[in-house]
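Undergrad: Contents of entry-v4.cif (mmCIF, C-alpha atoms) are given next:
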data_my_file
loop_
_atom_site.group_PDB
_atom_site.id
_atom_site.type_symbol
_atom_site.label_atom_id
_atom_site.label_comp_id
_atom_site.auth_asym_id
_atom_site.auth_seq_id
_atom_site.Cartn_x
_atom_site.Cartn_y
_atom_site.Cartn_z
ATOM 1 C CA SER S 1 99.687 152.272 134.239
ATOM 2 C CA ALA S 2 101.342 149.246 135.841
ATOM 3 C CA VAL S 3 104.285 146.996 135.111
ATOM 4 C CA ILE S 4 102.975 143.456 134.729
ATOM 5 C CA SER S 5 105.039 140.332 134.267
ATOM 6 C CA GLN S 6 104.079 136.729 133.633
ATOM 7 C CA LYS S 7 105.916 133.457 134.017
ATOM 8 C CA PRO S 8 106.522 131.376 132.037
ATOM 9 C CA SER S 9 106.453 133.307 128.771
ATOM 10 C CA ARG S 10 105.840 130.085 126.889
ATOM 11 C CA ASP S 11 105.695 126.364 127.491
ATOM 12 C CA ILE S 12 105.074 123.119 125.697
ATOM 13 C CA CYS S 13 103.221 120.570 127.800
ATOM 14 C CA GLN S 14 101.946 117.051 127.391
ATOM 15 C CA ARG S 15 98.255 116.314 127.532
ATOM 16 C CA GLY S 16 96.957 115.334 130.924
ATOM 17 C CA THR S 17 99.436 117.500 132.808
ATOM 18 C CA SER S 18 98.893 120.861 134.524
ATOM 19 C CA LEU S 19 100.648 124.200 134.219
ATOM 20 C CA THR S 20 100.602 127.107 136.652
ATOM 21 C CA ILE S 21 101.021 130.593 135.243
ATOM 22 C CA GLN S 22 102.145 133.417 137.476
ATOM 23 C CA CYS S 23 101.225 137.082 137.182
ATOM 24 C CA GLN S 24 103.097 139.765 139.102
ATOM 25 C CA VAL S 25 102.312 143.478 139.165
ATOM 26 C CA ASP S 26 104.517 146.251 140.523
ATOM 27 C CA SER S 27 101.786 147.950 142.546
ATOM 28 C CA GLN S 28 98.861 146.874 144.657
ATOM 29 C CA VAL S 29 95.688 146.354 142.666
ATOM 30 C CA THR S 30 92.282 145.215 143.768
ATOM 31 C CA MET S 31 91.129 143.551 140.573
ATOM 32 C CA MET S 32 93.058 141.115 138.415
ATOM 33 C CA PHE S 33 91.682 139.234 135.457
ATOM 34 C CA TRP S 34 92.660 136.201 133.439
ATOM 35 C CA TYR S 35 91.961 136.024 129.705
ATOM 36 C CA ARG S 36 92.474 133.430 127.003
ATOM 37 C CA GLN S 37 93.361 134.303 123.437
ATOM 38 C CA GLN S 38 93.206 131.388 121.041
ATOM 39 C CA PRO S 39 95.356 131.629 117.893
ATOM 40 C CA GLY S 40 94.154 134.429 115.646
ATOM 41 C CA GLN S 41 91.175 135.128 117.883
ATOM 42 C CA SER S 42 89.930 137.751 120.276
ATOM 43 C CA LEU S 43 90.290 137.808 124.040
ATOM 44 C CA THR S 44 87.892 135.894 126.257
ATOM 45 C CA LEU S 45 87.612 136.524 129.981
ATOM 46 C CA ILE S 46 88.162 133.393 132.063
ATOM 47 C CA ALA S 47 87.714 134.820 135.550
ATOM 48 C CA THR S 48 88.045 137.799 137.838
ATOM 49 C CA ALA S 49 90.372 137.401 140.813
ATOM 50 C CA ASN S 50 89.998 139.655 143.817
ATOM 51 C CA GLN S 51 92.261 139.347 146.808
ATOM 52 C CA GLY S 52 90.591 137.695 149.762
ATOM 53 C CA SER S 53 87.720 136.123 147.868
ATOM 54 C CA GLU S 54 87.046 133.273 145.515
ATOM 55 C CA ALA S 55 87.570 133.964 141.831
ATOM 56 C CA THR S 56 84.475 134.615 139.746
ATOM 57 C CA TYR S 57 84.360 132.477 136.608
ATOM 58 C CA GLU S 58 82.695 133.324 133.313
ATOM 59 C CA SER S 59 80.320 131.014 131.527
ATOM 60 C CA GLY S 60 82.172 128.067 130.046
ATOM 61 C CA PHE S 61 85.042 128.156 132.539
ATOM 62 C CA VAL S 62 85.102 126.157 135.777
ATOM 63 C CA ILE S 63 87.288 126.173 138.846
ATOM 64 C CA ASP S 64 88.293 122.531 138.523
ATOM 65 C CA LYS S 65 89.820 123.219 135.118
ATOM 66 C CA PHE S 66 91.224 126.704 135.820
ATOM 67 C CA PRO S 67 91.920 127.093 139.546
ATOM 68 C CA ILE S 68 93.064 130.587 140.466
ATOM 69 C CA SER S 69 94.891 131.903 143.489
ATOM 70 C CA ARG S 70 95.136 135.517 144.632
ATOM 71 C CA PRO S 71 97.229 135.493 147.814
ATOM 72 C CA ASN S 72 97.948 139.241 147.874
ATOM 73 C CA LEU S 73 97.363 142.499 146.016
ATOM 74 C CA THR S 74 100.317 142.097 143.618
ATOM 75 C CA PHE S 75 100.209 138.444 142.604
ATOM 76 C CA SER S 76 97.926 135.824 141.093
ATOM 77 C CA THR S 77 98.248 132.392 139.545
ATOM 78 C CA LEU S 78 96.159 130.536 136.985
ATOM 79 C CA THR S 79 96.480 126.768 136.662
ATOM 80 C CA VAL S 80 95.422 124.999 133.493
ATOM 81 C CA SER S 81 94.582 121.480 134.667
ATOM 82 C CA ASN S 82 94.447 118.158 132.867
ATOM 83 C CA MET S 83 95.442 119.832 129.632
ATOM 84 C CA SER S 84 94.309 118.824 126.166
ATOM 85 C CA PRO S 85 95.411 120.210 122.774
ATOM 86 C CA GLU S 86 92.318 122.449 122.823
ATOM 87 C CA ASP S 87 93.910 124.357 125.719
ATOM 88 C CA SER S 88 96.680 125.587 123.426
ATOM 89 C CA SER S 89 96.334 129.335 123.675
ATOM 90 C CA ILE S 90 97.844 132.515 124.963
ATOM 91 C CA TYR S 91 96.837 133.198 128.559
ATOM 92 C CA LEU S 92 96.996 136.817 129.684
ATOM 93 C CA CYS S 93 96.505 138.439 133.015
ATOM 94 C CA SER S 94 95.315 141.999 133.301
ATOM 95 C CA VAL S 95 94.938 144.466 136.124
ATOM 96 C CA GLU S 96 92.565 147.323 136.703
ATOM 97 C CA THR S 97 94.261 150.487 137.900
ATOM 98 C CA GLY S 98 93.265 154.097 137.499
ATOM 99 C CA ASN S 99 89.947 152.875 136.057
ATOM 100 C CA LYS S 100 91.747 151.296 133.115
ATOM 101 C CA GLN S 101 92.858 147.744 132.313
ATOM 102 C CA TYR S 102 96.384 146.829 131.357
ATOM 103 C CA PHE S 103 97.630 143.470 130.141
ATOM 104 C CA GLY S 104 100.593 141.326 130.959
ATOM 105 C CA PRO S 105 102.800 139.960 128.159
ATOM 106 C CA GLY S 106 100.987 136.646 128.046
ATOM 107 C CA THR S 107 101.955 132.985 128.340
ATOM 108 C CA ARG S 108 101.937 131.003 125.112
ATOM 109 C CA LEU S 109 100.891 127.439 125.913
ATOM 110 C CA THR S 110 101.164 124.556 123.464
ATOM 111 C CA VAL S 111 99.724 121.194 124.470
ATOM 112 C CA THR S 112 100.935 118.133 122.564
ATOM 113 C CA GLY R 1 75.757 139.154 128.680
ATOM 114 C CA GLU R 2 77.377 141.854 126.616
ATOM 115 C CA ASN R 3 77.872 141.187 122.903
ATOM 116 C CA VAL R 4 80.288 143.377 120.967
ATOM 117 C CA GLU R 5 80.414 143.257 117.188
ATOM 118 C CA GLN R 6 83.333 144.799 115.289
ATOM 119 C CA HIS R 7 83.686 145.682 111.612
ATOM 120 C CA PRO R 8 85.506 145.343 109.348
ATOM 121 C CA SER R 9 87.572 142.262 110.157
ATOM 122 C CA THR R 10 90.367 143.478 107.870
ATOM 123 C CA LEU R 11 91.239 146.939 106.631
ATOM 124 C CA SER R 12 93.927 147.951 104.168
ATOM 125 C CA VAL R 13 94.725 151.634 103.753
ATOM 126 C CA GLN R 14 97.297 153.682 101.912
ATOM 127 C CA GLU R 15 99.803 155.450 104.112
ATOM 128 C CA GLY R 16 98.495 158.902 104.947
ATOM 129 C CA ASP R 17 94.846 157.940 104.554
ATOM 130 C CA SER R 18 92.359 157.527 107.407
ATOM 131 C CA ALA R 19 91.126 154.284 108.947
ATOM 132 C CA VAL R 20 87.787 153.799 110.672
ATOM 133 C CA ILE R 21 86.722 150.791 112.744
ATOM 134 C CA LYS R 22 83.190 150.450 114.059
ATOM 135 C CA CYS R 23 81.776 148.514 116.999
ATOM 136 C CA THR R 24 78.280 147.954 118.322
ATOM 137 C CA TYR R 25 77.318 146.724 121.765
ATOM 138 C CA SER R 26 74.185 145.152 123.157
ATOM 139 C CA ASP R 27 74.070 146.058 126.861
ATOM 140 C CA SER R 28 72.711 149.556 127.378
ATOM 141 C CA ALA R 29 74.295 149.555 130.863
ATOM 142 C CA SER R 30 77.805 149.519 129.363
ATOM 143 C CA ASN R 31 79.574 152.757 130.146
ATOM 144 C CA TYR R 32 83.241 152.205 129.370
ATOM 145 C CA PHE R 33 84.680 151.600 125.894
ATOM 146 C CA PRO R 34 88.419 151.043 125.490
ATOM 147 C CA TRP R 35 90.391 150.320 122.345
ATOM 148 C CA TYR R 36 93.454 148.077 122.312
ATOM 149 C CA LYS R 37 96.180 147.695 119.712
ATOM 150 C CA GLN R 38 97.961 144.353 119.482
ATOM 151 C CA GLU R 39 101.066 143.947 117.393
ATOM 152 C CA LEU R 40 102.132 140.473 116.379
ATOM 153 C CA GLY R 41 103.408 138.512 119.358
ATOM 154 C CA LYS R 42 102.836 141.390 121.763
ATOM 155 C CA ARG R 43 100.366 142.162 124.508
ATOM 156 C CA PRO R 44 97.237 144.254 123.840
ATOM 157 C CA GLN R 45 98.016 147.919 124.517
ATOM 158 C CA LEU R 46 95.398 150.414 125.585
ATOM 159 C CA ILE R 47 95.458 153.256 123.053
ATOM 160 C CA ILE R 48 92.351 155.253 123.892
ATOM 161 C CA ASP R 49 89.135 154.895 125.836
ATOM 162 C CA ILE R 50 85.869 156.738 126.265
ATOM 163 C CA ARG R 51 83.198 156.773 128.905
ATOM 164 C CA SER R 52 79.497 157.160 128.361
ATOM 165 C CA ASN R 53 79.361 160.718 129.640
ATOM 166 C CA VAL R 54 81.245 162.046 126.583
ATOM 167 C CA GLY R 55 80.629 161.716 122.869
ATOM 168 C CA GLU R 56 84.133 162.096 121.489
ATOM 169 C CA LYS R 57 87.733 161.919 122.627
ATOM 170 C CA LYS R 58 90.884 162.640 120.689
ATOM 171 C CA ASP R 59 94.557 161.893 121.255
ATOM 172 C CA GLN R 60 96.830 163.125 118.486
ATOM 173 C CA ARG R 61 95.988 161.039 115.385
ATOM 174 C CA ILE R 62 93.504 158.811 117.180
ATOM 175 C CA ALA R 63 89.913 159.634 118.050
ATOM 176 C CA VAL R 64 86.973 157.688 119.371
ATOM 177 C CA THR R 65 83.304 158.604 119.014
ATOM 178 C CA LEU R 66 80.383 157.177 120.970
ATOM 179 C CA ASN R 67 76.691 157.133 120.121
ATOM 180 C CA LYS R 68 74.870 155.839 123.184
ATOM 181 C CA THR R 69 71.462 155.973 121.561
ATOM 182 C CA ALA R 70 72.533 153.742 118.700
ATOM 183 C CA LYS R 71 74.910 151.745 120.940
ATOM 184 C CA HIS R 72 77.881 152.065 118.685
ATOM 185 C CA PHE R 73 81.355 153.534 118.917
ATOM 186 C CA SER R 74 84.137 154.016 116.415
ATOM 187 C CA LEU R 75 87.907 154.398 116.251
ATOM 188 C CA HIS R 76 89.340 156.891 113.793
ATOM 189 C CA ILE R 77 93.016 156.935 112.857
ATOM 190 C CA THR R 78 94.136 159.832 110.684
ATOM 191 C CA GLU R 79 97.324 160.191 108.630
ATOM 192 C CA THR R 80 98.052 156.482 108.977
ATOM 193 C CA GLN R 81 101.650 155.323 109.192
ATOM 194 C CA PRO R 82 103.216 151.860 108.723
ATOM 195 C CA GLU R 83 103.562 151.502 112.502
ATOM 196 C CA ASP R 84 99.774 151.678 112.772
ATOM 197 C CA SER R 85 99.637 148.207 111.216
ATOM 198 C CA ALA R 86 98.287 145.876 113.926
ATOM 199 C CA VAL R 87 95.145 144.172 115.178
ATOM 200 C CA TYR R 88 92.751 146.552 116.913
ATOM 201 C CA PHE R 89 90.182 145.383 119.449
ATOM 202 C CA CYS R 90 87.243 147.324 120.794
ATOM 203 C CA ALA R 91 85.702 146.401 124.125
ATOM 204 C CA ALA R 92 82.801 147.361 126.334
ATOM 205 C CA SER R 93 82.139 147.010 130.031
ATOM 206 C CA VAL R 94 79.982 148.152 132.892
ATOM 207 C CA ASN R 95 81.946 150.137 135.476
ATOM 208 C CA ASP R 96 85.379 149.211 134.050
ATOM 209 C CA TYR R 97 85.033 145.539 134.918
ATOM 210 C CA LYS R 98 84.710 142.453 132.784
ATOM 211 C CA LEU R 99 85.681 143.686 129.365
ATOM 212 C CA SER R 100 83.804 142.093 126.473
ATOM 213 C CA PHE R 101 85.905 142.278 123.322
ATOM 214 C CA GLY R 102 85.050 142.558 119.669
ATOM 215 C CA ALA R 103 86.519 140.053 117.227
ATOM 216 C CA GLY R 104 89.296 142.399 116.137
ATOM 217 C CA THR R 105 90.277 144.297 112.998
ATOM 218 C CA THR R 106 93.552 143.637 111.212
ATOM 219 C CA VAL R 107 94.784 146.959 109.861
ATOM 220 C CA THR R 108 97.449 147.023 107.177
ATOM 221 C CA VAL R 109 98.972 150.342 106.152
ATOM 222 C CA ARG R 110 100.481 150.180 102.664
ATOM 223 C CA ALA R 111 103.564 152.287 102.089
#
Using the file provided, produce a representation of the structure as structure tokens.

TA:
Amino acid sequence: SAVISQKPSRDICQRGTSLTIQCQVDSQVTMMFWYRQQPGQSLTLIATANQGSEATYESGFVIDKFPISRPNLTFSTLTVSNMSPEDSSIYLCSVETGNKQYFGPGTRLTVT
Amino acid sequence: GENVEQHPSTLSVQEGDSAVIKCTYSDSASNYFPWYKQELGKRPQLIIDIRSNVGEKKDQRIAVTLNKTAKHFSLHITETQPEDSAVYFCAASVNDYKLSFGAGTTVTVRA
């Protein structure tokens, strides 16, 4: 497996602002993913982030709203831009290693 | 894209009894089927997975079965304990990428 950390663990933000979430893993991984989990719901893939290439976004998610960086093989960021209350969610990163996916602890975002 | 359906949405069992959760998938190209357990306020934890080249896999009290023809797979928990209480998610993917998750099953084990 891998040790995955996220910062911040939680935040309360005002609408119209942006928040950048960081994901750090303790080993080099090719594939990192960002998911959203709305309260009481399942996990939905936002995008796949590979080092050295543009992130690949899933239907319903766009780069202007959720820009992603992947500067190296152990780190990625997800920005939630121009936030609205509908963006209140848990955002989780995951990594693929050993042909399995493991999740970070998540960032609980509340937009007021 | 892949569509994964999961049933039941809630499951209450007496401690010591078995629990079974079933999932169906739509994309016949899917070949990897993990199961995650999520306790309240915690991250999803991978508990078992199966690939399309096997029909069954077991790890202590947990087992997963796969029927590729019918495109469904199931999680079996035997001798349930209170610590098995959690939300369980099934998922499916092609070549380990882009997991598509089921809606989740809330399992409650009654003491």

Undergrad: Compute the set of chain S residues within 8 Å of chain R, using all atoms listed in the file, and express it as an mmCIF file with C-alpha atoms, in the coordinates of the input.

TA:
data_model
loop_
_atom_site.group_PDB
_atom_site.id
_atom_site.type_symbol
_atom_site.label_atom_id
_atom_site.label_comp_id
_atom_site.auth_asym_id
_atom_site.auth_seq_id
_atom_site.Cartn_x
_atom_site.Cartn_y
_atom_site.Cartn_z
ATOM 1 C CA GLN S 41 91.175 135.128 117.883
ATOM 2 C CA SER S 42 89.930 137.751 120.276
ATOM 3 C CA LEU S 43 90.290 137.808 124.040
ATOM 4 C CA THR S 44 87.892 135.894 126.257
ATOM 5 C CA LEU S 45 87.612 136.524 129.981
ATOM 6 C CA THR S 48 88.045 137.799 137.838
ATOM 7 C CA GLU S 96 92.565 147.323 136.703
ATOM 8 C CA ASN S 99 89.947 152.875 136.057
ATOM 9 C CA LYS S 100 91.747 151.296 133.115
ATOM 10 C CA GLN S 101 92.858 147.744 132.313
ATOM 11 C CA TYR S 102 96.384 146.829 131.357
ATOM 12 C CA PHE S 103 97.630 143.470 130.141
ATOM 13 C CA GLY S 104 100.593 141.326 130.959
ATOM 14 C CA PRO S 105 102.800 139.960 128.159
ATOM 15 C CA GLY S 106 100.987 136.646 128.046
#

Undergrad: So which residues touch Phe33 in chain S within 8 Å, counting all atoms listed in the file, skipping near sequence neighbours fewer than 6 positions away, as a list in words?

TA: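 In the requested form, the answer reads Leu45, Ile46, Ala47, Thr48, Ala49, Cys93, Ser94 and Val95 of chain S.
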
Undergrad: List the residues matched by the PyMOL selection byres ((chain R and resi 5) around 7) in the displayed structure as a list of chain:residue names, ordered by chain and then by residue number.

TA: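 Those residues are R:Asn3, R:Val4, R:Gln6, R:His7, R:Cys23, R:Thr24, R:Tyr25, R:Gly102, R:Ala103.
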
Undergrad: Restricting the calculation to only C-alpha atoms: of R:Ala86, R:Ala92, R:Ala111, R:Ile77, which residue gets closest to Ser28 in chain R?

TA: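 Between R:Ala86, R:Ala92, R:Ala111, R:Ile77, the residue approaching Ser28 in chain R most closely is R:Ala92.
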
Undergrad: Check which residues satisfy the PyMOL selection byres ((chain S and resi 24) around 10) in the file shown, then give them as a list in words.

TA: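 Evaluating the PyMOL selection byres ((chain S and resi 24) around 10) on these coordinates yields Val3, Ile4, Ser5, Gln6, Lys7, Gln22, Cys23, Val25, Asp26, Ser27, Gln28, Leu73, Thr74, Phe75, Ser76, Thr77, Cys93, Ser94, Val95 and Gly104 of chain S.
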
Undergrad: By how many Å are CA of Ser74 in chain R and CA of Gly60 in chain S apart?

TA: 29.4 Å

Undergrad: Expressed in Å to a single decimal, how great is the separation between CA of Gly16 in chain R and CA of Leu66 in chain R?

TA: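 A separation of 24.2 Å between them.
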
Undergrad: For range 9-26 of chain R, take all atoms listed in the file, fit an axis-aligned box around them, add 6 Å to each of the six sides, then output centre and edge lengths in Å rounded to one decimal, as JSON.

TA:
{"center_x": 87.0, "center_y": 150.6, "center_z": 112.5, "size_x": 37.6, "size_y": 28.6, "size_z": 33.2}

Undergrad: To one decimal place in Å, what is the distance between CA of Pro71 in chain S and CA of Met32 in chain S?

TA: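 So the answer is 11.7 Å.
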
Undergrad: Which residue out of R:Val107, R:Ala29, R:Leu11, R:Leu40 has the minimum interatomic distance to Ser52 in chain R when only C-alpha atoms are used?

TA: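 Nearest to Ser52 in chain R: R:Ala29.
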
Undergrad: Need to verify the contact set: range 82-87 of chain S, 8 Å, all atoms listed in the file, exclusion of same-chain residues closer than 2 positions in sequence. Can you return it as a PyMOL selection string?

TA: chain S and resi 14-18+65+80+89+109-112

Undergrad: Restricting the calculation to all atoms listed in the file: of R:Arg61, R:Val109, R:Ile21, R:Ser26, which residue gets closest to Phe73 in chain R?

TA: R:Ile21

Undergrad: Return the single residue from R:Glu15, R:Lys22, R:Gln38, R:Arg51 that is closest to Val94 in chain R, with distances computed using only C-alpha atoms.

TA: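 Nearest to Val94 in chain R: R:Arg51.
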
Undergrad: Evaluate the PyMOL selection byres ((chain R and resi 58) around 10) on the structure here and hand back the selected residues as a list in words.

TA: Ile48, Asp49, Ile50, Glu56, Lys57, Asp59, Gln60, Arg61, Ile62, Ala63, Val64, Thr65, Leu75, His76 and Ile77 of chain R
